[in-house]
file query.cif (mmCIF, C-alpha atoms and all ligand atoms)
data_coords
#
loop_
_atom_site.label_atom_id
_atom_site.label_comp_id
_atom_site.auth_asym_id
_atom_site.auth_seq_id
_atom_site.Cartn_x
_atom_site.Cartn_y
_atom_site.Cartn_z
CA MET C 1075 -18.36 23.58 -4.52
CA LYS C 1076 -21.56 24.25 -2.62
CA LEU C 1077 -23.42 21.87 -4.89
CA TYR C 1078 -20.71 19.31 -4.45
CA ARG C 1079 -21.00 19.40 -0.67
CA ARG C 1080 -24.75 19.14 -0.81
CA GLY C 1081 -24.48 16.18 -3.11
CA PHE C 1082 -22.00 14.54 -0.85
CA LEU C 1083 -24.01 15.00 2.33
CA ALA C 1084 -27.23 13.90 0.69
CA LYS C 1085 -25.57 10.68 -0.36
CA GLY C 1086 -24.18 10.05 3.10
CA ALA C 1087 -26.52 7.13 3.69
CA GLY C 1088 -25.07 5.50 0.59
CA ILE C 1089 -21.72 5.22 2.24
CA PHE C 1090 -23.10 3.07 5.00
CA SER C 1091 -25.15 0.84 2.76
CA VAL C 1092 -21.98 -1.15 2.23
CA ALA C 1093 -22.28 -4.30 4.29
CA LEU C 1094 -19.51 -4.30 6.84
CA TYR C 1095 -19.12 -7.68 8.37
CA ASN C 1096 -15.99 -7.09 10.28
CA ARG C 1097 -15.96 -3.95 12.37
CA PRO C 1098 -12.39 -3.01 13.10
CA LYS C 1099 -11.02 -3.36 16.58
CA ALA C 1100 -10.21 0.35 16.42
CA PHE C 1101 -13.91 1.13 16.65
CA SER C 1102 -14.25 -0.81 19.85
CA ASN C 1103 -11.20 0.84 21.32
CA PRO C 1104 -11.82 4.58 21.18
CA ASN C 1105 -8.58 5.33 23.02
CA ILE C 1106 -6.60 4.38 19.96
CA ARG C 1107 -8.33 6.94 17.84
CA LYS C 1108 -7.99 9.57 20.49
CA THR C 1109 -4.29 8.92 20.91
CA MET C 1110 -3.40 10.98 17.87
CA SER C 1111 0.16 10.92 19.04
CA ARG C 1112 3.02 11.89 16.82
CA PRO C 1113 5.05 10.25 15.47
CA LEU C 1114 2.60 7.64 14.27
CA ILE C 1115 3.36 4.81 11.87
CA ILE C 1116 0.96 2.43 10.15
CA SER C 1117 1.65 -0.35 7.68
CA THR C 1118 -0.04 -3.22 5.89
CA TRP C 1119 -0.25 -6.73 7.38
CA PRO C 1120 0.98 -7.99 10.75
CA PHE C 1121 4.56 -8.32 9.49
CA GLY C 1122 4.49 -4.55 9.01
CA GLU C 1123 4.89 -4.20 12.76
CA ALA C 1124 8.59 -5.11 12.57
CA ALA C 1125 9.03 -2.45 9.87
CA ASN C 1126 7.11 0.08 11.99
CA LYS C 1127 9.29 -0.62 14.99
CA LYS C 1128 12.46 -0.12 12.99
CA ALA C 1129 11.05 3.10 11.56
CA MET C 1130 10.10 4.32 15.05
CA GLU C 1131 13.58 3.49 16.33
CA ILE C 1132 15.07 5.65 13.59
CA ILE C 1133 12.75 8.56 14.29
CA GLU C 1134 13.35 8.34 18.01
CA SER C 1135 17.08 8.40 17.49
CA GLY C 1136 16.77 11.61 15.49
CA GLY C 1137 16.56 10.19 11.96
CA SER C 1138 14.35 11.72 9.29
CA SER C 1139 10.98 10.28 8.34
CA LEU C 1140 12.44 9.41 4.94
CA ASP C 1141 15.17 7.37 6.65
CA ALA C 1142 12.48 5.78 8.78
CA VAL C 1143 10.29 4.77 5.82
CA GLU C 1144 13.26 3.42 3.89
CA LYS C 1145 14.86 1.48 6.73
CA GLY C 1146 11.50 0.24 7.97
CA VAL C 1147 10.55 -1.12 4.56
CA ASN C 1148 14.07 -2.59 4.22
CA VAL C 1149 13.25 -4.87 7.17
CA THR C 1150 10.50 -6.52 5.13
CA GLU C 1151 12.54 -6.51 1.93
CA ASN C 1152 15.39 -8.31 3.73
CA ASP C 1153 13.12 -10.94 5.24
CA LYS C 1154 13.63 -14.06 3.13
CA GLU C 1155 10.56 -15.69 4.63
CA ASN C 1156 8.28 -13.04 3.14
CA THR C 1157 7.56 -14.29 -0.35
CA SER C 1158 6.00 -11.08 -1.66
CA VAL C 1159 8.61 -8.41 -0.92
CA GLY C 1160 12.34 -8.07 -1.68
CA ILE C 1161 14.66 -11.07 -1.50
CA GLY C 1162 12.67 -14.29 -1.38
CA GLY C 1163 9.80 -12.73 -3.33
CA LEU C 1164 8.03 -15.17 -5.65
CA PRO C 1165 9.29 -14.81 -9.21
CA ASN C 1166 7.52 -14.14 -12.48
CA SER C 1167 6.43 -16.94 -14.82
CA GLU C 1168 10.04 -17.28 -16.07
CA GLY C 1169 11.42 -17.74 -12.56
CA ILE C 1170 12.86 -14.21 -12.36
CA VAL C 1171 12.22 -11.99 -9.35
CA GLN C 1172 11.13 -8.53 -10.50
CA LEU C 1173 10.50 -5.95 -7.79
CA ASP C 1174 8.42 -2.75 -7.64
CA ALA C 1175 8.62 0.07 -5.08
CA CYS C 1176 7.94 3.73 -4.56
CA ILE C 1177 8.48 6.37 -1.93
CA MET C 1178 6.75 9.72 -1.40
CA HIS C 1179 7.67 12.60 0.87
CA GLY C 1180 4.99 15.12 1.78
CA PRO C 1181 7.17 18.23 2.10
CA GLY C 1182 7.96 19.27 -1.45
CA HIS C 1183 5.57 16.60 -2.78
CA LYS C 1184 8.52 14.46 -3.84
CA ALA C 1185 8.32 10.96 -5.28
CA GLY C 1186 10.56 8.21 -6.62
CA SER C 1187 9.81 4.80 -8.03
CA VAL C 1188 11.35 1.72 -9.61
CA MET C 1189 9.51 -0.98 -11.49
CA GLY C 1190 10.43 -4.46 -12.60
CA ILE C 1191 13.91 -4.11 -11.12
CA GLU C 1192 15.96 -7.32 -10.90
CA LYS C 1193 18.79 -8.46 -8.65
CA ILE C 1194 18.49 -5.58 -6.16
CA ARG C 1195 16.94 -6.60 -2.85
CA ASN C 1196 15.98 -3.11 -1.62
CA PRO C 1197 13.95 -1.38 -4.34
CA ILE C 1198 12.59 1.19 -1.84
CA SER C 1199 16.14 2.45 -1.37
CA VAL C 1200 16.64 2.71 -5.11
CA ALA C 1201 13.31 4.56 -5.40
CA ARG C 1202 14.59 7.04 -2.83
CA LYS C 1203 17.77 7.55 -4.88
CA VAL C 1204 15.64 8.16 -7.98
CA MET C 1205 13.74 10.80 -6.02
CA GLU C 1206 16.80 12.47 -4.54
CA HIS C 1207 19.46 12.09 -7.23
CA THR C 1208 17.67 12.28 -10.57
CA PRO C 1209 15.26 14.71 -12.19
CA HIS C 1210 12.88 11.76 -12.72
CA VAL C 1211 10.16 10.01 -10.78
CA GLN C 1212 10.15 6.50 -12.29
CA LEU C 1213 12.81 4.15 -13.62
CA VAL C 1214 11.98 0.77 -15.07
CA GLY C 1215 13.69 -2.58 -15.69
CA LYS C 1216 17.28 -2.60 -16.90
CA GLY C 1217 17.61 1.16 -16.57
CA ALA C 1218 16.54 0.99 -12.93
CA GLN C 1219 18.97 -1.84 -12.27
CA GLU C 1220 21.88 -0.04 -13.92
CA PHE C 1221 21.05 3.13 -12.00
CA ALA C 1222 21.03 1.13 -8.76
CA VAL C 1223 24.45 -0.33 -9.53
CA SER C 1224 25.77 3.15 -10.35
CA GLN C 1225 24.58 4.22 -6.89
CA GLY C 1226 26.50 1.42 -5.20
CA PHE C 1227 23.78 -1.21 -4.79
CA LYS C 1228 24.94 -4.83 -4.87
CA GLU C 1229 23.48 -7.24 -7.43
CA GLU C 1230 22.51 -10.66 -6.09
CA ASP C 1231 20.28 -13.60 -6.86
CA LEU C 1232 16.93 -12.86 -5.21
CA LEU C 1233 15.37 -16.26 -5.85
CA THR C 1234 15.57 -18.27 -2.63
CA GLU C 1235 15.31 -22.04 -2.57
CA LYS C 1236 11.84 -21.77 -1.01
CA SER C 1237 10.54 -19.45 -3.75
CA LYS C 1238 12.19 -21.51 -6.47
CA LEU C 1239 10.41 -24.63 -5.25
CA LYS C 1240 7.07 -22.79 -5.25
CA TRP C 1241 7.71 -21.59 -8.79
CA LEU C 1242 8.64 -25.09 -9.99
CA GLU C 1243 5.49 -26.45 -8.40
CA TRP C 1244 3.43 -23.73 -10.09
CA LYS C 1245 5.08 -24.54 -13.42
CA LYS C 1246 4.23 -28.19 -13.07
CA ASN C 1247 0.62 -27.78 -11.95
CA ASN C 1248 -0.78 -24.43 -12.87
CA GLN C 1249 1.04 -23.09 -15.84
CA LYS C 1250 -2.14 -22.37 -17.74
CA LYS C 1251 -3.75 -20.59 -14.82
CA LYS C 1252 -3.63 -16.81 -14.84
CA PRO C 1253 -1.66 -15.35 -11.96
CA GLU C 1254 -4.16 -14.24 -9.39
CA GLY C 1255 -4.03 -12.60 -6.03
CA SER C 1256 -5.81 -13.84 -2.97
CA ILE C 1257 -5.53 -13.09 0.70
CA ASP C 1258 -3.07 -16.00 0.92
CA ASN C 1259 -0.56 -14.93 -1.64
CA HIS C 1260 0.07 -11.27 -1.22
CA ASP C 1261 2.02 -9.40 1.38
CA THR C 1262 3.06 -6.08 -0.09
CA ILE C 1263 4.25 -3.58 2.46
CA ALA C 1264 2.89 -0.05 2.40
CA LEU C 1265 4.11 2.05 5.32
CA LEU C 1266 2.92 5.55 6.23
CA ILE C 1267 4.41 7.94 8.77
CA LEU C 1268 3.08 11.10 10.36
CA ASP C 1269 6.15 12.58 11.99
CA GLU C 1270 6.57 14.91 14.95
CA ASN C 1271 6.37 17.95 12.70
CA GLY C 1272 3.08 16.76 11.25
CA ASP C 1273 4.67 15.85 7.92
CA LEU C 1274 3.67 12.73 6.02
CA THR C 1275 5.93 10.25 4.25
CA GLY C 1276 5.15 6.85 2.73
CA GLY C 1277 6.68 3.88 0.98
CA CYS C 1278 5.49 0.75 -0.77
CA SER C 1279 7.47 -2.33 -1.85
CA THR C 1280 6.56 -5.66 -3.44
CA SER C 1281 7.58 -8.50 -5.71
CA GLY C 1282 4.10 -8.20 -7.20
CA LEU C 1283 1.75 -10.98 -8.06
CA ALA C 1284 3.38 -14.38 -8.03
CA PHE C 1285 4.15 -15.87 -11.46
CA LYS C 1286 3.13 -12.70 -13.27
CA LEU C 1287 4.05 -12.17 -16.90
CA PRO C 1288 7.60 -10.85 -17.27
CA GLY C 1289 7.48 -7.07 -17.32
CA ARG C 1290 4.14 -6.84 -15.54
CA VAL C 1291 3.99 -3.82 -13.23
CA GLY C 1292 1.41 -3.59 -10.49
CA ASP C 1293 0.06 -0.71 -8.46
CA SER C 1294 2.77 -0.64 -5.80
CA PRO C 1295 5.30 1.58 -7.61
CA ILE C 1296 2.64 3.80 -9.16
CA ILE C 1297 2.12 7.16 -7.50
CA GLY C 1298 -1.60 7.44 -6.77
CA GLY C 1299 -2.11 3.70 -7.27
CA GLY C 1300 -0.32 1.77 -4.55
CA LEU C 1301 0.69 4.87 -2.60
CA TYR C 1302 -0.19 8.52 -2.34
CA VAL C 1303 0.92 11.23 0.06
CA ASP C 1304 -0.46 14.74 0.20
CA ASN C 1305 1.15 16.70 2.99
CA GLU C 1306 -1.90 18.92 3.45
CA ILE C 1307 -4.34 16.07 3.87
CA GLY C 1308 -3.08 12.55 4.45
CA ALA C 1309 -1.62 9.42 2.93
CA ALA C 1310 -2.88 6.06 1.69
CA GLY C 1311 -1.32 2.77 0.65
CA ALA C 1312 -2.56 -0.42 -0.95
CA THR C 1313 -2.10 -4.15 -1.06
CA GLY C 1314 -3.96 -6.73 -3.09
CA VAL C 1315 -4.52 -7.26 -6.80
CA GLY C 1316 -2.64 -4.38 -8.34
CA GLU C 1317 -4.59 -4.32 -11.58
CA ASN C 1318 -7.74 -3.55 -9.61
CA VAL C 1319 -6.08 -0.85 -7.54
CA LEU C 1320 -4.47 0.72 -10.59
CA ARG C 1321 -7.59 0.97 -12.71
CA HIS C 1322 -9.29 3.08 -10.06
CA CYS C 1323 -6.30 5.16 -8.83
CA CYS C 1324 -7.33 4.04 -5.38
CA SER C 1325 -4.70 5.60 -3.10
CA PHE C 1326 -5.17 8.97 -4.75
CA MET C 1327 -8.92 8.57 -4.46
CA ILE C 1328 -8.69 7.79 -0.74
CA VAL C 1329 -6.65 10.93 -0.10
CA GLU C 1330 -9.19 12.93 -2.09
CA PHE C 1331 -12.01 11.50 0.03
CA MET C 1332 -10.09 12.56 3.12
CA ARG C 1333 -9.76 16.02 1.60
CA GLN C 1334 -13.55 16.10 1.43
CA GLY C 1335 -13.69 15.45 5.14
CA LEU C 1336 -13.99 11.68 5.47
CA PRO C 1337 -11.95 10.09 8.22
CA PRO C 1338 -9.39 7.57 6.94
CA GLU C 1339 -11.36 4.38 7.41
CA GLU C 1340 -14.45 5.82 5.74
CA ALA C 1341 -12.28 7.15 2.93
CA CYS C 1342 -10.98 3.62 2.31
CA ILE C 1343 -14.52 2.19 2.42
CA GLN C 1344 -15.77 4.83 0.07
CA ALA C 1345 -12.98 4.21 -2.46
CA ILE C 1346 -13.68 0.49 -2.45
CA LYS C 1347 -17.35 1.12 -2.83
CA ARG C 1348 -16.84 3.43 -5.76
CA ALA C 1349 -14.48 1.00 -7.50
CA ALA C 1350 -16.80 -1.95 -6.88
CA LYS C 1351 -19.81 -0.10 -8.19
CA ILE C 1352 -18.37 0.52 -11.63
CA ASP C 1353 -16.17 -2.55 -11.92
CA PRO C 1354 -17.47 -5.70 -13.63
CA LYS C 1355 -15.86 -7.67 -10.84
CA GLY C 1356 -18.05 -5.91 -8.28
CA ILE C 1357 -16.79 -6.39 -4.78
CA ASP C 1358 -14.49 -9.27 -5.80
CA LEU C 1359 -11.59 -6.95 -6.39
CA ASN C 1360 -9.30 -8.31 -3.71
CA ILE C 1361 -7.98 -4.89 -2.68
CA PHE C 1362 -7.02 -3.57 0.75
CA PHE C 1363 -6.04 -0.13 1.98
CA ILE C 1364 -4.55 1.75 4.89
CA ALA C 1365 -4.89 5.50 5.39
CA LEU C 1366 -3.58 8.10 7.79
CA ASP C 1367 -4.56 11.74 7.92
CA LYS C 1368 -2.78 14.90 8.90
CA LYS C 1369 -4.60 14.94 12.23
CA GLY C 1370 -3.24 11.53 13.17
CA ARG C 1371 -6.43 9.59 12.52
CA TYR C 1372 -5.98 6.27 10.75
CA GLY C 1373 -7.99 3.38 9.40
CA ALA C 1374 -8.11 0.55 6.90
CA ALA C 1375 -10.59 -1.34 4.78
CA GLY C 1376 -10.61 -4.19 2.32
CA THR C 1377 -12.83 -6.29 0.13
CA GLY C 1378 -13.27 -9.16 2.50
CA LYS C 1379 -12.14 -10.36 5.87
CA GLY C 1380 -8.63 -11.03 6.99
CA PHE C 1381 -6.75 -7.86 6.24
CA GLN C 1382 -4.85 -6.56 9.25
CA TYR C 1383 -2.56 -3.62 9.69
CA ALA C 1384 0.04 -2.55 12.21
CA VAL C 1385 -0.14 0.73 14.13
CA THR C 1386 2.85 1.95 16.10
CA THR C 1387 3.32 4.96 18.34
CA PRO C 1388 6.26 5.63 20.66
CA LYS C 1389 4.22 4.08 23.47
CA GLN C 1390 2.55 1.09 21.86
CA SER C 1391 2.29 -1.11 18.83
CA GLU C 1392 -0.59 -3.29 17.81
CA ILE C 1393 -2.23 -5.18 15.00
CA LEU C 1394 -5.76 -4.11 14.08
CA ASN C 1395 -8.41 -5.66 11.88
CA SER C 1396 -9.49 -3.58 8.93
CA ALA C 1397 -13.09 -2.90 8.07
CA ALA C 1398 -14.20 -5.52 5.57
CA LEU C 1399 -16.79 -5.06 2.86
CA SER C 1400 -18.89 -8.02 1.94
CA ASP C 1401 -21.25 -6.48 -0.54
CA VAL C 1402 -21.96 -3.25 -2.32
CA ASP C 1403 -25.48 -2.23 -3.16
CA ALA C 1404 -26.43 -0.40 -6.29
CA GLY C 1405 -26.98 2.83 -4.40
CA PRO C 1406 -25.34 6.11 -5.27
CA VAL C 1407 -21.71 6.67 -4.54
CA GLY C 1408 -21.20 9.50 -2.08
CA GLY C 1409 -18.53 12.12 -2.20
CA ASN C 1410 -18.15 12.66 -5.89
CA GLU C 1411 -21.50 13.51 -7.34
CA PHE C 1412 -22.83 16.88 -8.40
CA ASP C 1413 -26.45 17.95 -8.40
CA ASN C 1414 -27.75 18.86 -11.81
C1 LIG D 1501 0.74 -6.06 -6.98
N1 LIG D 1501 -0.36 -4.99 -5.15
O1 LIG D 1501 1.81 -6.10 -7.54
C2 LIG D 1501 0.72 -5.87 -5.49
C3 LIG D 1501 0.63 -7.20 -4.88
C4 LIG D 1501 0.29 -7.16 -3.45
O2 LIG D 1501 0.27 -8.00 -1.44
O3 LIG D 1501 -0.25 -6.27 -2.89
N2 LIG D 1501 0.60 -8.09 -2.72
O4 LIG D 1501 -0.33 -6.18 -7.56
#
call {"tool": "encode", "arguments": {"input": "query.cif", "output": "structure tokens", "more": "lines below"}}
Ligand code: SD4
result
Amino acid sequence: MKLYRRGFLAKGAGIFSVALYNRPKAFSNPNIRKTMSRPLIISTWPFGEAANKKAMEIIESGGSSLDAVEKGVNVTENDKENTSVGIGGLPNSEGIVQLDACIMHGPGHKAGSVMGIEKIRNPISVARKVMEHTPHVQLVGKGAQEFAVSQGFKEEDLLTEKSKLKWLEWKKNNQKKKPEGSIDNHDTIALLILDENGDLTGGCSTSGLAFKLPGRVGDSPIIGGGLYVDNEIGAAGATGVGENVLRHCCSFMIVEFMRQGLPPEEACIQAIKRAAKIDPKGIDLNIFFIALDKKGRYGAAGTGKGFQYAVTTPKQSEILNSAALSDVDAGPVGGNEFDN
């Protein structure tokens, strides 16, 4: 352990050799970081603010943080204009909407997840049922759908006219192109709460990459991939190209970096840096993270400009820019190296 710490500190300079071309607003507004108020809610993308506000409303009216995560994420899932989450999500290559979601509750280290579920607009709610009413963590496809129906969820067509038109256009023009993520076509919601008791809870919900192969599962419903909550340390959530998040277990890694003492934003930067260093794609991973620690510090980082996240306290709510990495040098990766 001693060696580990020495290694980590010695490599400290390596952390900051990442080129940051977009310093987050949070850095220029120290009051935000000092607020450390509880409850505190953060989520991915500007649209997350509506989910945060719903979640805060639930907490303030005496609801649990699990209710708050679920009902907050439901706001995004129910928004037909959002083409990456819930109803209205862009379909797979066959024109079928398949949704992924997971939920994690710090106390008891509980988790539930559904993957590739069809016809159910609120997969986060089904994930919660998996967590609370089964001995399992993950249900997939037909089994997840049948379970949802057995729990009283309504089946419906999730393909809206708008998403259908986009799919038809894709079919006509781009059929041979691999589905790819870019800042313009992903909007997964990951939402993290530090409640009044200092407990952490998180949720993540998505329709995944547009026009994906049927059956493809991304990072969002994978514990440690698209979401991770450790009630002793903190929580992290992801958006972006799931394959690239998954292969590096990024949300888990971010929480582990926080365990080693990094504040949330630096933990996100460090995870991206580590992934980019060993990945053939380098920094072109198209991945973005939010993180919140047990002390109420929060931050976000992504591979490139444009990623914003919503931060809500009982007193205020705002949209912040994440740190953005433009380049990663070949220097050592801090935080996980041992001296020989
Ligand atoms: C996925 N990570 O399925 C999701 C997509 C996403 O914003 O984040 N969209 O790969």
call {"tool": "closest_residue", "arguments": {"input": "query.cif", "among": "C:Ser1279, C:Ser1391, C:Asn1166, C:Asn1318", "to": "Val1200 of chain C", "atoms": "only C-alpha atoms"}}
result
C:Ser1279
call {"tool": "residues_near_ligand", "arguments": {"input": "query.cif", "ligand": "ligand LIG 1501 (chain D)", "cutoff": "10 Å", "atoms": "all atoms listed in the file", "output": "PyMOL selection string"}}
result
chain C and resi 1118-1119+1157-1159+1173-1175+1254-1264+1278-1284+1286+1290-1295+1299-1300+1311-1320+1360-1363
call {"tool": "closest_residue", "arguments": {"input": "query.cif", "among": "C:Leu1274, C:Cys1176, C:Ala1142, C:Ala1365", "to": "Gly1190 of chain C", "atoms": "all atoms listed in the file"}}
result
C:Cys1176
call {"tool": "atom_distance", "arguments": {"input": "query.cif", "atom1": "atom CA of Gly1272 of chain C", "atom2": "atom CA of Arg1112 of chain C"}}
result
7.4 Å
call {"tool": "residues_around", "arguments": {"input": "query.cif", "residues": "Tyr1302 of chain C", "least_positions_apart": "4", "cutoff": "10 Å", "atoms": "all atoms listed in the file", "output": "number ranges by chain"}}
result
C: 1176-1180, 1183, 1185, 1266, 1275-1278, 1296-1298, 1308-1312, 1323-1329, 1365
call {"tool": "closest_residue", "arguments": {"input": "query.cif", "among": "C:Phe1221, C:Gly1186, C:Tyr1372, C:Ala1349", "to": "Leu1336 of chain C", "atoms": "all atoms listed in the file"}}
result
C:Tyr1372
call {"tool": "atom_distance", "arguments": {"input": "query.cif", "atom1": "atom CA of Leu1213 of chain C", "atom2": "atom CA of Phe1227 of chain C"}}
result
15.1 Å
call {"tool": "atom_distance", "arguments": {"input": "query.cif", "atom1": "atom CA of Val1385 of chain C", "atom2": "atom CA of Met1332 of chain C"}}
result
19.0 Å
call {"tool": "closest_residue", "arguments": {"input": "query.cif", "among": "C:Gln1390, C:Ile1307, C:Ser1138, C:Asp1353", "to": "Leu1366 of chain C", "atoms": "all atoms listed in the file"}}
result
C:Ile1307
call {"tool": "residues_around", "arguments": {"input": "query.cif", "residues": "Asp1358 of chain C", "least_positions_apart": "5", "cutoff": "10 Å", "atoms": "all atoms listed in the file", "output": "list in words"}}
result
Asn1318, Ala1350, Asp1353, Thr1377, Gly1378, Leu1399, Ser1400 and Asp1401 of chain C
call {"tool": "write_last_selection", "arguments": {"input": "query.cif", "atoms": "C-alpha atoms", "output": "short mmCIF file (atom, residue, chain, number, x, y, z; two decimals), in the coordinates of the input"}}
result
data_model
loop_
_atom_site.label_atom_id
_atom_site.label_comp_id
_atom_site.auth_asym_id
_atom_site.auth_seq_id
_atom_site.Cartn_x
_atom_site.Cartn_y
_atom_site.Cartn_z
CA ASN C 1318 -7.74 -3.55 -9.61
CA ALA C 1350 -16.80 -1.95 -6.88
CA ASP C 1353 -16.17 -2.55 -11.92
CA THR C 1377 -12.83 -6.29 0.13
CA GLY C 1378 -13.27 -9.16 2.50
CA LEU C 1399 -16.79 -5.06 2.86
CA SER C 1400 -18.89 -8.02 1.94
CA ASP C 1401 -21.25 -6.48 -0.54
#
